[in-house]
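Visitor: Structure file start21.tsv, TSV, C-alpha atoms, is pasted below:
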```tsv
chain	number	residue	atom	x	y	z
W	1	MET	CA	5.04	-77.93	-53.83
W	2	ASP	CA	8.68	-79.04	-53.96
W	3	GLN	CA	9.65	-79.53	-50.29
W	4	LYS	CA	13.38	-79.33	-51.02
W	5	THR	CA	12.97	-75.80	-52.44
W	6	VAL	CA	10.90	-74.83	-49.38
W	7	PHE	CA	13.60	-76.26	-47.10
W	8	VAL	CA	16.36	-74.29	-48.84
W	9	ALA	CA	14.21	-71.15	-48.62
W	10	ILE	CA	13.73	-71.77	-44.87
W	11	LEU	CA	17.50	-71.99	-44.33
W	12	GLY	CA	17.91	-68.72	-46.24
W	13	MET	CA	15.09	-67.11	-44.27
W	14	ALA	CA	16.71	-68.24	-40.99
W	15	LEU	CA	20.05	-66.70	-41.98
W	16	VAL	CA	18.73	-63.33	-43.20
W	17	THR	CA	16.49	-63.13	-40.12
W	18	TYR	CA	19.24	-63.95	-37.63
W	19	ILE	CA	21.93	-61.54	-38.86
W	20	PRO	CA	19.93	-58.31	-38.26
W	21	ARG	CA	18.84	-59.69	-34.87
W	22	PHE	CA	22.35	-60.54	-33.71
W	23	ALA	CA	24.69	-57.95	-35.26
W	24	PRO	CA	23.45	-54.93	-33.23
W	25	VAL	CA	23.51	-56.59	-29.77
W	26	TRP	CA	26.98	-57.87	-30.61
W	27	TRP	CA	28.42	-54.57	-31.91
W	28	ILE	CA	26.53	-51.94	-29.96
W	29	SER	CA	26.34	-53.53	-26.50
W	30	SER	CA	29.95	-52.46	-25.86
W	31	ARG	CA	29.61	-48.95	-27.37
W	32	THR	CA	27.78	-45.70	-26.59
W	33	LEU	CA	25.50	-44.39	-29.35
W	34	PRO	CA	25.01	-40.70	-30.26
W	35	THR	CA	21.90	-39.19	-28.64
W	36	LEU	CA	20.31	-38.40	-32.00
W	37	LEU	CA	20.58	-42.05	-33.09
W	38	VAL	CA	19.12	-43.23	-29.80
W	39	SER	CA	16.04	-41.01	-30.18
W	40	TRP	CA	15.71	-42.15	-33.82
W	41	LEU	CA	15.75	-45.78	-32.68
W	42	ARG	CA	12.96	-44.99	-30.22
W	43	TYR	CA	10.58	-44.25	-33.12
W	44	VAL	CA	11.45	-47.33	-35.16
W	45	PRO	CA	9.08	-49.91	-33.62
W	46	VAL	CA	6.03	-47.66	-34.10
W	47	ALA	CA	7.08	-46.67	-37.62
W	48	VAL	CA	7.72	-50.23	-38.79
W	49	LEU	CA	4.52	-51.66	-37.30
W	50	SER	CA	2.44	-48.95	-38.94
W	51	ALA	CA	4.22	-49.50	-42.25
W	52	MET	CA	3.33	-53.19	-42.12
W	53	LEU	CA	-0.23	-52.66	-40.89
W	54	LEU	CA	-1.48	-50.35	-43.65
W	55	PRO	CA	-0.68	-52.68	-46.59
W	56	ALA	CA	-2.23	-55.58	-44.65
W	57	LEU	CA	-5.45	-53.64	-43.95
W	58	LEU	CA	-5.70	-52.33	-47.51
W	59	ARG	CA	-4.88	-55.82	-48.87
W	60	ALA	CA	-2.10	-54.34	-50.98
W	61	ASP	CA	-1.07	-56.39	-53.99
W	62	GLY	CA	1.54	-54.51	-55.99
W	63	ARG	CA	0.00	-51.08	-56.67
W	64	GLN	CA	-3.53	-52.39	-56.10
W	65	MET	CA	-5.15	-51.43	-52.79
W	66	HIS	CA	-8.71	-51.66	-51.48
W	67	PHE	CA	-9.77	-48.27	-50.11
W	68	ALA	CA	-13.47	-48.92	-50.73
W	69	PRO	CA	-15.96	-49.31	-47.83
W	70	ASP	CA	-16.59	-52.93	-48.81
W	71	ASN	CA	-13.12	-53.81	-47.48
W	72	ILE	CA	-14.13	-55.64	-44.28
W	73	PHE	CA	-10.52	-55.56	-42.99
W	74	LEU	CA	-10.90	-51.79	-42.49
W	75	TRP	CA	-14.15	-52.15	-40.52
W	76	ALA	CA	-12.79	-54.98	-38.37
W	77	ALA	CA	-9.86	-52.71	-37.44
W	78	LEU	CA	-12.21	-50.55	-35.32
W	79	PRO	CA	-13.22	-53.15	-32.68
W	80	THR	CA	-9.67	-54.60	-32.77
W	81	LEU	CA	-8.20	-51.17	-32.03
W	82	ALA	CA	-10.76	-50.52	-29.28
W	83	VAL	CA	-10.03	-53.83	-27.53
W	84	ALA	CA	-6.26	-53.37	-27.85
W	85	ARG	CA	-6.48	-49.89	-26.31
W	86	LYS	CA	-8.78	-50.94	-23.51
W	87	THR	CA	-7.30	-54.32	-22.51
W	88	ARG	CA	-3.72	-53.97	-23.86
W	89	SER	CA	-4.01	-57.67	-24.66
W	90	LEU	CA	-2.51	-59.12	-27.84
W	91	PHE	CA	-4.64	-62.24	-27.46
W	92	GLY	CA	-7.90	-60.31	-26.94
W	93	ALA	CA	-7.31	-58.01	-29.89
W	94	VAL	CA	-6.38	-60.82	-32.29
W	95	VAL	CA	-9.40	-62.92	-31.29
W	96	VAL	CA	-11.84	-59.97	-31.51
W	97	GLY	CA	-10.45	-59.01	-34.93
W	98	MET	CA	-10.76	-62.52	-36.32
W	99	VAL	CA	-14.25	-63.07	-34.86
W	100	THR	CA	-15.40	-59.73	-36.35
W	101	VAL	CA	-14.18	-60.69	-39.82
W	102	ALA	CA	-15.72	-64.16	-39.50
W	103	LEU	CA	-19.10	-62.69	-38.41
W	104	ILE	CA	-19.18	-60.14	-41.25
W	105	ARG	CA	-18.42	-62.92	-43.75
W	106	MET	CA	-21.19	-65.09	-42.26
W	107	VAL	CA	-23.77	-62.27	-42.53
W	108	TRP	CA	-22.78	-61.36	-46.08
W	109	ARG	CA	-23.09	-64.88	-47.43
Y	110	MET	CA	30.99	-63.24	-14.19
Y	111	ASP	CA	27.79	-64.88	-13.05
Y	112	THR	CA	27.13	-64.37	-9.37
Y	113	THR	CA	23.53	-65.62	-9.35
Y	114	SER	CA	23.06	-68.47	-6.88
Y	115	PRO	CA	20.92	-71.48	-7.93
Y	116	PRO	CA	17.74	-70.47	-6.02
Y	117	GLN	CA	17.92	-66.96	-7.53
Y	118	ALA	CA	18.35	-68.38	-11.02
Y	119	ALA	CA	15.36	-70.67	-10.47
Y	120	ARG	CA	13.28	-67.68	-9.40
Y	121	GLY	CA	14.43	-65.85	-12.55
Y	122	TRP	CA	13.35	-68.76	-14.74
Y	123	SER	CA	9.90	-69.06	-13.19
Y	124	SER	CA	9.28	-65.32	-13.32
Y	125	GLY	CA	10.36	-65.32	-17.00
Y	126	VAL	CA	7.86	-68.09	-17.77
Y	127	ILE	CA	5.10	-66.14	-15.99
Y	128	ARG	CA	5.98	-62.89	-17.75
Y	129	ALA	CA	5.68	-64.70	-21.08
Y	130	ALA	CA	1.98	-65.53	-20.49
Y	131	PRO	CA	0.51	-62.65	-22.55
Y	132	ILE	CA	2.89	-63.47	-25.41
Y	133	VAL	CA	1.90	-67.14	-25.24
Y	134	LEU	CA	-1.79	-66.20	-25.50
Y	135	GLY	CA	-1.04	-63.81	-28.37
Y	136	TYR	CA	1.01	-66.39	-30.29
Y	137	MET	CA	-1.63	-69.13	-30.11
Y	138	PRO	CA	-4.17	-67.80	-32.66
Y	139	ILE	CA	-1.37	-66.53	-34.94
Y	140	GLY	CA	0.64	-69.78	-34.71
Y	141	ILE	CA	-2.50	-71.80	-35.43
Y	142	ALA	CA	-3.32	-69.52	-38.39
Y	143	PHE	CA	0.21	-70.03	-39.70
Y	144	GLY	CA	0.01	-73.83	-39.32
Y	145	VAL	CA	-3.37	-74.02	-41.08
Y	146	LEU	CA	-2.34	-71.73	-43.96
Y	147	ALA	CA	1.00	-73.57	-44.41
Y	148	HIS	CA	-0.89	-76.86	-44.61
Y	149	LYS	CA	-3.31	-75.39	-47.19
Y	150	ALA	CA	-0.31	-74.10	-49.19
Y	151	HIS	CA	0.95	-77.72	-49.37
Y	152	ILE	CA	4.05	-77.12	-47.25
Y	153	SER	CA	5.02	-80.33	-45.43
Y	154	ALA	CA	4.46	-80.57	-41.66
Y	155	LEU	CA	8.21	-80.96	-41.12
Y	156	ASN	CA	9.07	-77.84	-43.12
Y	157	THR	CA	6.30	-75.87	-41.40
Y	158	LEU	CA	7.59	-76.78	-37.93
Y	159	LEU	CA	11.17	-76.20	-39.04
Y	160	MET	CA	10.27	-72.68	-40.14
Y	161	SER	CA	8.84	-71.91	-36.69
Y	162	VAL	CA	11.96	-73.34	-35.02
Y	163	LEU	CA	14.62	-71.80	-37.27
Y	164	VAL	CA	13.06	-68.51	-38.41
Y	165	PHE	CA	10.66	-67.64	-35.55
Y	166	ALA	CA	9.22	-64.49	-37.10
Y	167	GLY	CA	5.41	-64.52	-37.27
Y	168	SER	CA	4.71	-61.92	-39.91
Y	169	ALA	CA	7.54	-63.04	-42.22
Y	170	GLN	CA	6.40	-66.66	-41.93
Y	171	LEU	CA	2.80	-65.76	-42.82
Y	172	ILE	CA	3.99	-63.63	-45.74
Y	173	ALA	CA	6.29	-66.48	-46.92
Y	174	VAL	CA	3.41	-68.96	-46.88
Y	175	GLY	CA	1.33	-66.58	-48.97
Y	176	MET	CA	4.20	-66.24	-51.44
Y	177	PHE	CA	4.76	-70.02	-51.68
Y	178	ALA	CA	1.03	-70.49	-52.27
Y	179	GLY	CA	1.26	-67.95	-55.10
Y	180	GLY	CA	4.18	-69.83	-56.66
Y	181	ALA	CA	7.01	-67.47	-55.66
Y	182	SER	CA	10.63	-68.61	-56.02
Y	183	ALA	CA	12.93	-69.36	-53.04
Y	184	PRO	CA	15.20	-66.31	-53.64
Y	185	SER	CA	12.24	-63.92	-53.72
Y	186	VAL	CA	10.85	-65.41	-50.48
Y	187	VAL	CA	14.27	-65.02	-48.80
Y	188	ALA	CA	14.66	-61.45	-50.09
Y	189	THR	CA	11.19	-60.48	-48.82
Y	190	THR	CA	11.93	-62.11	-45.46
Y	191	PHE	CA	15.12	-60.06	-45.22
Y	192	VAL	CA	13.31	-56.79	-45.92
Y	193	VAL	CA	10.38	-57.59	-43.62
Y	194	ASN	CA	12.69	-58.67	-40.75
Y	195	LEU	CA	15.23	-55.90	-41.16
Y	196	ARG	CA	13.25	-54.02	-38.52
Y	197	HIS	CA	14.77	-56.36	-35.90
Y	198	LEU	CA	18.10	-54.63	-36.62
Y	199	LEU	CA	16.64	-51.50	-35.10
Y	200	MET	CA	14.94	-53.34	-32.22
Y	201	SER	CA	18.17	-55.20	-31.43
Y	202	ALA	CA	20.08	-51.90	-31.52
Y	203	SER	CA	17.67	-50.27	-29.08
Y	204	LEU	CA	18.02	-53.14	-26.53
Y	205	ALA	CA	21.80	-53.51	-26.97
Y	206	PRO	CA	22.82	-50.80	-24.44
Y	207	PHE	CA	21.16	-52.83	-21.64
Y	208	LEU	CA	23.13	-55.99	-22.43
Y	209	LYS	CA	26.67	-54.76	-21.79
Y	210	ARG	CA	27.57	-57.49	-19.29
Y	211	TRP	CA	26.35	-60.40	-21.39
Y	212	ARG	CA	28.72	-63.04	-22.85
Y	213	PRO	CA	28.75	-63.60	-26.66
Y	214	LEU	CA	26.94	-66.95	-26.41
Y	215	GLU	CA	24.23	-65.41	-24.23
Y	216	LEU	CA	23.82	-62.55	-26.70
Y	217	ALA	CA	23.65	-65.04	-29.58
Y	218	THR	CA	20.87	-66.98	-27.80
Y	219	PHE	CA	19.00	-63.80	-26.90
Y	220	ALA	CA	19.14	-62.47	-30.48
Y	221	PHE	CA	17.78	-65.71	-31.96
Y	222	GLN	CA	14.48	-65.18	-30.13
Y	223	LEU	CA	14.13	-61.45	-30.60
Y	224	THR	CA	10.66	-60.94	-32.07
Y	225	ASP	CA	8.23	-58.01	-32.11
Y	226	GLU	CA	6.54	-59.44	-29.02
Y	227	THR	CA	9.62	-60.35	-26.95
Y	228	PHE	CA	11.06	-56.97	-27.93
Y	229	ALA	CA	7.91	-55.17	-26.77
Y	230	SER	CA	8.07	-56.99	-23.43
Y	231	HIS	CA	11.81	-56.40	-22.87
Y	232	SER	CA	11.77	-52.77	-24.00
Y	233	ALA	CA	9.05	-52.03	-21.46
Y	234	ARG	CA	11.10	-53.65	-18.66
Y	235	PHE	CA	14.82	-53.04	-19.32
Y	236	PRO	CA	14.97	-49.31	-18.57
Y	237	SER	CA	13.59	-49.76	-15.02
Y	238	ALA	CA	15.41	-52.94	-13.94
Y	239	LEU	CA	18.75	-54.35	-15.08
Y	240	PRO	CA	17.82	-57.47	-17.10
Y	241	ASP	CA	18.06	-60.75	-15.24
Y	242	LYS	CA	19.59	-63.26	-17.69
Y	243	ALA	CA	17.62	-66.27	-16.47
Y	244	GLU	CA	14.35	-64.33	-16.57
Y	245	VAL	CA	14.96	-62.85	-20.03
Y	246	LEU	CA	16.02	-66.15	-21.60
Y	247	ALA	CA	13.18	-68.06	-19.92
Y	248	LEU	CA	10.66	-65.56	-21.31
Y	249	ASN	CA	12.13	-65.97	-24.80
Y	250	MET	CA	12.21	-69.79	-24.59
Y	251	THR	CA	8.61	-69.92	-23.36
Y	252	ALA	CA	7.51	-67.61	-26.18
Y	253	GLN	CA	9.14	-69.74	-28.88
Y	254	THR	CA	7.84	-72.98	-27.37
Y	255	ALA	CA	4.31	-71.53	-27.57
Y	256	TRP	CA	4.93	-70.45	-31.18
Y	257	VAL	CA	6.07	-73.93	-32.25
Y	258	PHE	CA	3.22	-75.57	-30.31
Y	259	GLY	CA	0.67	-73.22	-31.94
Y	260	THR	CA	2.14	-74.06	-35.34
Y	261	TRP	CA	1.71	-77.77	-34.64
Y	262	LEU	CA	-1.91	-77.25	-33.52
Y	263	GLY	CA	-2.52	-75.37	-36.76
Y	264	ILE	CA	-1.07	-78.17	-38.89
Y	265	VAL	CA	-3.37	-80.67	-37.15
Y	266	ALA	CA	-6.37	-78.34	-37.52
Y	267	GLY	CA	-5.55	-77.76	-41.19
Y	268	GLN	CA	-5.92	-81.48	-41.85
Y	269	ILE	CA	-9.41	-81.46	-40.31
Y	270	VAL	CA	-10.90	-78.15	-41.55
Y	271	ALA	CA	-11.75	-78.07	-45.24
Y	272	ASP	CA	-12.63	-74.42	-45.93
Y	273	VAL	CA	-10.59	-71.92	-43.93
Y	274	GLU	CA	-11.92	-68.60	-45.28
Y	275	PRO	CA	-14.89	-68.40	-42.84
Y	276	LEU	CA	-12.42	-68.72	-39.94
Y	277	ALA	CA	-10.87	-65.35	-40.79
Y	278	LEU	CA	-7.34	-66.65	-40.25
Y	279	ASP	CA	-6.20	-64.07	-42.81
Y	280	TYR	CA	-7.02	-61.40	-40.23
Y	281	ALA	CA	-4.57	-62.76	-37.60
Y	282	LEU	CA	-1.70	-60.72	-39.04
Y	283	PRO	CA	-3.44	-57.31	-39.37
Y	284	ALA	CA	-4.99	-57.74	-35.89
Y	285	MET	CA	-1.58	-58.57	-34.43
Y	286	PHE	CA	-0.06	-55.45	-36.00
Y	287	ILE	CA	-2.87	-53.27	-34.58
Y	288	ALA	CA	-2.35	-54.67	-31.06
Y	289	LEU	CA	1.46	-54.40	-31.18
Y	290	LEU	CA	1.19	-50.83	-32.45
Y	291	VAL	CA	-1.15	-49.85	-29.62
Y	292	LEU	CA	1.20	-51.47	-27.07
Y	293	GLN	CA	4.19	-49.56	-28.47
Y	294	ILE	CA	2.63	-46.10	-28.57
Y	295	GLY	CA	3.61	-44.07	-25.51
Y	296	ASP	CA	3.21	-40.41	-26.48
Y	297	ARG	CA	1.72	-38.09	-29.13
Y	298	LEU	CA	4.90	-37.94	-31.17
Y	299	GLN	CA	4.73	-41.69	-31.61
Y	300	VAL	CA	1.13	-41.38	-32.80
Y	301	ALA	CA	2.36	-38.82	-35.35
Y	302	VAL	CA	5.16	-41.17	-36.43
Y	303	ALA	CA	2.68	-44.03	-36.88
Y	304	LEU	CA	0.40	-41.84	-39.04
Y	305	LEU	CA	3.29	-40.47	-41.12
Y	306	SER	CA	4.83	-43.89	-41.63
Y	307	GLY	CA	1.42	-45.33	-42.60
Y	308	ALA	CA	0.83	-42.54	-45.11
Y	309	ALA	CA	4.35	-43.00	-46.47
Y	310	VAL	CA	3.92	-46.72	-47.08
Y	311	VAL	CA	0.64	-46.21	-48.95
Y	312	GLY	CA	2.26	-43.49	-51.08
Y	313	LEU	CA	5.31	-45.64	-51.82
Y	314	LEU	CA	3.15	-48.62	-52.78
Y	315	LEU	CA	1.09	-46.43	-55.13
Y	316	LEU	CA	4.35	-45.24	-56.70
Y	317	GLY	CA	5.29	-48.88	-57.32
Y	318	VAL	CA	8.21	-49.14	-54.87
Y	319	GLY	CA	6.99	-52.64	-53.94
Y	320	GLN	CA	8.51	-54.73	-51.16
Y	321	TRP	CA	11.05	-52.06	-50.13
Y	322	SER	CA	8.17	-49.75	-49.16
Y	323	VAL	CA	8.07	-50.99	-45.54
Y	324	ILE	CA	11.74	-50.25	-44.83
Y	325	VAL	CA	11.70	-46.90	-46.67
Y	326	ALA	CA	8.51	-45.81	-44.89
Y	327	THR	CA	10.03	-46.85	-41.53
Y	328	VAL	CA	13.11	-44.69	-42.14
Y	329	ILE	CA	10.91	-41.77	-43.26
Y	330	GLY	CA	8.62	-42.13	-40.22
Y	331	ALA	CA	11.40	-42.42	-37.61
Y	332	THR	CA	13.37	-39.55	-39.18
Y	333	LEU	CA	10.32	-37.27	-39.20
Y	334	GLY	CA	9.79	-38.24	-35.56
Y	335	VAL	CA	13.27	-36.99	-34.63
Y	336	VAL	CA	12.74	-33.83	-36.74
Y	337	LEU	CA	9.42	-33.12	-34.97
Y	338	GLU	CA	10.96	-33.84	-31.58
Y	339	THR	CA	13.86	-31.37	-32.05
Y	340	TRP	CA	11.49	-28.81	-33.62
Y	341	ILE	CA	9.09	-28.97	-30.64
Y	342	LYS	CA	11.87	-28.86	-28.05
Y	343	LYS	CA	13.72	-25.86	-29.55
Y	344	PRO	CA	11.38	-22.93	-28.74
Y	345	SER	CA	11.10	-23.93	-25.07
Y	346	SER	CA	14.87	-24.18	-24.50
```
Show me the file's structure as C-alpha cells.

Guide:
Amino acid sequence: MDQKTVFVAILGMALVTYIPRFAPVWWISSRTLPTLLVSWLRYVPVAVLSAMLLPALLRADGRQMHFAPDNIFLWAALPTLAVARKTRSLFGAVVVGMVTVALIRMVWR
Amino acid sequence: MDTTSPPQAARGWSSGVIRAAPIVLGYMPIGIAFGVLAHKAHISALNTLLMSVLVFAGSAQLIAVGMFAGGASAPSVVATTFVVNLRHLLMSASLAPFLKRWRPLELATFAFQLTDETFASHSARFPSALPDKAEVLALNMTAQTAWVFGTWLGIVAGQIVADVEPLALDYALPAMFIALLVLQIGDRLQVAVALLSGAAVVGLLLLGVGQWSVIVATVIGATLGVVLETWIKKPSS
C-alpha cells in the first residue's frame, strides 16, 4: 500500500467531509427556513441511516446482495435491534451484535 | 458576547464530558474495529490515526479502509466519502437554527466534530435548552478523543491478533447503524420513512445506481415522509 496515496486521499476525505458539515451552520444559522424544508430535514437522519444499514446487512457489492437465510448479518440484526430498543445504548447494541456474529461463526466452523 | 463566568464555563465543560459517556462507549468497539481493519489493510499507523483526527467519520472511514484493501484509487475513495458524508449537510442544517448566537470560529469548531452520534445527542437536547457553548464543545472534544484513542487501541490490537474474522469486527458498522436508527426514531412516520428509504436503497442498488443509492434513497425517504405527513394532517384540519 502506497502511504503517500493514502495520505492524499485522507486530505481529500477531510475536505469533502468538512464542507457539508460547516456550510449549513454557517449559512442557515442566521436565516429562517421554510416550514416545509424544516419538516423535510426532520426525516433525513432516519432516512439516511436506514439507507446505509440495508446495504451493510445485505452485504451489497455492486448489484449483488445476500437475501438468503444463510446471511448471518440478517440474523444478528434481531438481538442487536432488541438490545438497542430496550437499553437505548449504542455500546450495548454494538457489542451484542458483534458477539452474536462471532458466536454463530464459532458454531458453524 | 460571552457572558459566562469562569465557574459556569467549568461546569459546562464537565457536564459536556459526562454527557459524552454513552458516545465514548459506543465509539470504543467501532474505533478498535477501524484500527484493526486499517492495520490489516496495510495502512500505516500514522495515516490511520491521521484519518481519525482529520476526517472523524466512522462509517466513511470503515468504508474507505475496505476500498483501500480492495485496491481502490484515491479519487474513488474521496468521491465515496463525499457521498456517504453528504448526510451531515442535512444534520448540520437541522441544528443550525439553534446556533444563531455563535461566532464563526465557534461554528467552524462545532462543525468539524459533527458526527451521527454527536448530532443524535445534540438534536435530542437543543430544542429544550439553549445550547451551552462550553458543554457542546466539551462533548464533541471528548467524543473525538475517544474515537482517536479507540483507533490507536485497534492499531495495537491489529499487530497482536492474526485472524480477525472470528472477532466479527465487520459487524461493528451494521450494528452501529441499527442502534443509531433506533435512537433516532420518535414516531410512526419516522418508522415509515426508515422502511421506505430502506426499500428504496435496495431497489436502487438492484437497478445498478451504485454509490449514489444512499443519497438518492435518503431524498426519496425524507420526501415521502413530508408527503405522508401533509396527507395525514389534511383531513383533520

Visitor: Chain W near chain Y within 6 Å: what's each residue's closest atom pair and its distance in Å to one decimal, counting all atoms listed in the file, ordered by chain then ascending residue number, as CSV?

Guide:
```
residue,atom,partner,partner_atom,distance
W:Ala9,CA,Y:Ala183,CA,4.9
W:Ile10,CA,Y:Met160,CA,5.9
W:Gly12,CA,Y:Val187,CA,5.8
W:Met13,CA,Y:Val187,CA,5.1
W:Ala14,CA,Y:Val164,CA,4.5
W:Val16,CA,Y:Phe191,CA,5.3
W:Thr17,CA,Y:Asn194,CA,5.9
W:Pro20,CA,Y:Leu198,CA,4.4
W:Arg21,CA,Y:Ala220,CA,5.2
W:Phe22,CA,Y:Ala220,CA,4.9
W:Pro24,CA,Y:Ala202,CA,4.8
W:Val25,CA,Y:Ala205,CA,4.5
W:Ile28,CA,Y:Ala205,CA,5.8
W:Ser29,CA,Y:Ala205,CA,4.6
W:Ser30,CA,Y:Lys209,CA,5.7
W:Trp40,CA,Y:Ala331,CA,5.7
W:Tyr43,CA,Y:Ala331,CA,4.9
W:Val44,CA,Y:Ala331,CA,5.5
W:Val46,CA,Y:Ala303,CA,5.7
W:Ala47,CA,Y:Thr327,CA,4.9
W:Val48,CA,Y:Thr327,CA,4.9
W:Leu49,CA,Y:Leu290,CA,5.9
W:Ser50,CA,Y:Gly307,CA,5.2
W:Ala51,CA,Y:Gly307,CA,5.0
W:Leu53,CA,Y:Phe286,CA,5.6
W:Leu54,CA,Y:Gly307,CA,5.9
W:Ala56,CA,Y:Pro283,CA,5.7
W:Arg63,CA,Y:Leu315,CA,5.0
W:Ala84,CA,Y:Ala288,CA,5.2
W:Leu90,CA,Y:Gly135,CA,4.9
W:Phe91,CA,Y:Gly135,CA,4.0
W:Val94,CA,Y:Ala284,CA,4.9
W:Gly97,CA,Y:Ala284,CA,5.7
W:Met98,CA,Y:Ala277,CA,5.3
W:Val101,CA,Y:Ala277,CA,5.8
W:Ala102,CA,Y:Ala277,CA,5.2
```

Visitor: If you measure from CA of His148 (chain Y) to CA of Gln268 (chain Y), what distance in Å do you get, rounded to one decimal?

Guide: 7.4 Å

Visitor: Using Å and a single decimal, report how far CA of Thr227 (chain Y) sits from CA of Leu239 (chain Y).

Guide: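 Value for the CA of Leu239 (chain Y)-CA of Thr227 (chain Y) distance: 16.1 Å.
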
Visitor: Around (-11.9, -52.2, -47.1) in the file's frame, which residues reach within 12 Å when counting only C-alpha atoms? Return as a count of residues only?

Guide: 22

Visitor: What is the distance between CA of Lys242 (chain Y) and CA of Trp27 (chain W), in Å to one decimal?

Guide: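 Distance between the two atoms: 18.9 Å.
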